[in-house]
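Colleague: Sharing a structure below in structure tokens format, with a few things to ask.
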Amino acid sequence: MLQPPKLQIGDKAVILSPAGKIDAQLVTKAASILCDWGLGVEISENALCQTGRFSGFVEQRLSDLQGAMDDPEVKLIFCSRGGYGTVHLLDKLDFTGIKQNPKWIIGYSDITALHAALQSNGIMSVHGPMAKHFAEEGPADISVRFTKAILAGESIAYDVPVTNYAHLNRKGKASGRLFGGNLSVFCGILGTRFAQIPKNGILFIEDIGEEPYKIDRYICQLKLAGVFDRISGFIVGQFTDYTEDNDMYSALYESIASVVAGYAFPVCFDFPAGHVRHNFPLVMGKTAKLVVKENQVIFKQS
């Protein structure tokens with residue numbers, strides 16, 4: 001896996017929108033923070049376009065992303081938001097340029113599809129906060145500061161106290177390449193050449209606004225596809241904006257735990273990553289170490 005070089009003062013960053021449309025003010029505020037980091041920030045030509053739910057037509061979104069990936073001067077591609085639409089671009093992208101000149105790409109949610117495609121081409125990327133988070137929480141926010149640290153070449157070491165769902169966690173240690181992201185998006189590309197399952201990898205999932213029976217379906221899909229047979233650890237992040245379904249056998253997190261009950265790998269629930277304020281950045285495609293204890297979860301990437 002290729003790890004992009006750490007950012008330097010004066011490096012060029014491009015903000016673009018490969019999926020949904022976004023409020024221009026959010027992009028402007030996020031750009032200001034990146035500028036304060038000492039980066040030279042450019043907002044791509046179509047980043048603020050609006051075509052239905054999308055930030056422009058497929059050709060416009062593709063042009064922005066391909067151009068930034070191909071430009072050797074660009075060191076950071078900052079996705080403004082997720083939404084829906086990244087999947088339209090995957091089979092049209094040429095990864096030759098970014099392989100020759102690796103650069104960081106940041107985003108999450110619908111950007112999960114791009115993370116997976118990057119990993120299938122041997123390139124690491126950052127599952128982390130985007131423009132809305134930067135704009136609303138500001139540079140002092142812990143997730144923003146962690147993102148800056150990763151881009152500066154620092155190691156990740158998250159020490160998370162276990163407060164909720166401790167009874168669902170399975171203690172143990174794991175080491176492997178991190179993959180996954182948004183559950184529904186990842187399952188949407190499962191079985192394609194863009195979703196590779198690393199042997200002994202660590203799977204991370206999160207989601208927003210999905211009904212519990214759909215989450216159960218996705219988890220069963222992962223099981224039936226043999227994903228759980230290949231992994232060494234399982235991180236369940238934040239699932240938000242849903243209502244528990246009393247007609248299901250059990251609550252959402254309990255239903256996930258029941259599907260993986262027959263495996264031996266360590267499992268942690270309620271990890272601080274997803275559509276929440278504490279959206280700790282993770283380097284997708286990079287080896288991670290996970291330790292699940294009775295009252296503590298430790299996650300490291302060095």
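Order determines the names: the first chain of the structure tokens is A, the second B, and so forth; residues in each chain are numbered 1 upward, and ligands are numbered 1 upward as they are shown.
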Which residues come within 7 Å of Leu290 in chain A, counting only C-alpha atoms, excluding same-chain residues fewer than 2 positions away, as a count of residues only?

Modeller: 8

Colleague: Running DSSP on the backbone, which parts of range 119-178 of chain A land in helix (DSSP H, G or I), as a list in words?

Modeller: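 Of range 119-178 of chain A, only Gln119, Ser120, Ala131, Lys132, His133, Phe134, Ala135, Glu136, Glu137, Ile142, Ser143, Val144, Arg145, Phe146, Thr147, Lys148, Ala149, Ile150, Leu151, Ala166, His167 and Leu168 of chain A fall in helix (DSSP H, G or I).
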
Colleague: Could you tell me how far CA of Asp207 in chain A lies from CA of Phe239 in chain A, in Å and to one decimal?

Modeller: 4.9 Å

Colleague: Quick one: residues within 9 Å of Glu210 in chain A, only C-alpha atoms, excluding same-chain residues fewer than 4 positions away - as a count of residues only?

Modeller: 8

Colleague: Quick one: residues within 12 Å of range 149-151 of chain A, only C-alpha atoms, excluding same-chain residues fewer than 5 positions away - as a ChimeraX atom specification?

Modeller: /A:3-9,11,13,34,37,39,75-78,103-106,124-128,139,142-144,156-157,280-284,300-302

Colleague: Enter the distance from CA of Ser255 in chain A to CA of Arg217 in chain A, in Å, rounded to one decimal.

Modeller: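 These atoms are spaced 10.2 Å apart.
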
Colleague: Could you pull the residues within 6 Å of range 55-57 of chain A, counting only C-alpha atoms, minus those fewer than 4 positions along the same chain, as a PyMOL selection string?

Modeller: chain A and resi 20-21+49-51

Colleague: Output as a ChimeraX atom specification all residues of range 62-268 of chain A that backbone DSSP marks as strand (DSSP E or B).

Modeller: /A:74-79,104-107,123,125-127,156-161,170,172-182,202-208,233-240,267-268

Colleague: Between A:Ala68, A:Val185, A:Ile235, A:Ile43, which has the minimum distance to Thr86 in chain A (counting only C-alpha atoms)?

Modeller: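 Smallest distance to Thr86 in chain A is found for A:Val185.
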
Colleague: What's around Val236 in chain A at 10 Å? Count only C-alpha atoms, leave out sequence neighbours fewer than 6 positions away in its own chain, and write the answer as an MDAnalysis selection string.

Modeller: chainID A and resid 169 181 183 203:207 253 256:257 267:274

Colleague: Near Asp229 in chain A, counting only C-alpha atoms, which residues have an atom at most 10 Å away, once you skip same-chain residues fewer than 6 positions from it, shown as a list in words?

Modeller: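 Within the cut-off, the hits are Lys199, Asn200, Leu222, Lys223, Tyr263, Ala264 and Phe265 of chain A.
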
Colleague: Tell me, in Å to one decimal, how far CA of Ser17 in chain A is from CA of Gln60 in chain A.

Modeller: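 If I compute the distance from CA of Ser17 in chain A to CA of Gln60 in chain A, I get 9.7 Å.
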
Colleague: Could you tell me which of A:Ala195, A:Ala152, A:Val291, A:Leu16 comes closest to Ser80 in chain A if we count only C-alpha atoms?

Modeller: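 Checking each of A:Ala195, A:Ala152, A:Val291, A:Leu16 against Ser80 in chain A, counting only C-alpha atoms, the winner is A:Leu16.
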
Colleague: Under the rule that only C-alpha atoms are counted, which of A:Gly172, A:Gly191, A:Gly52, A:Gly180 is the nearest residue to Glu294 in chain A?

Modeller: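 The closest residue to Glu294 in chain A is A:Gly172.
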
Colleague: Find the residue from A:Ala225, A:Val276, A:Ile202, A:Val41 that sits nearest to Leu178 in chain A; use only C-alpha atoms when measuring.

Modeller: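 For Leu178 in chain A, the nearest of the candidates is A:Ile202.
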
Colleague: Calculated over only C-alpha atoms, which of the candidates A:Ala30, A:Ala116, A:Ala166, A:Leu2 has the smallest distance to Lys99 in chain A?

Modeller: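 Selected residue with least distance to Lys99 in chain A: A:Leu2.
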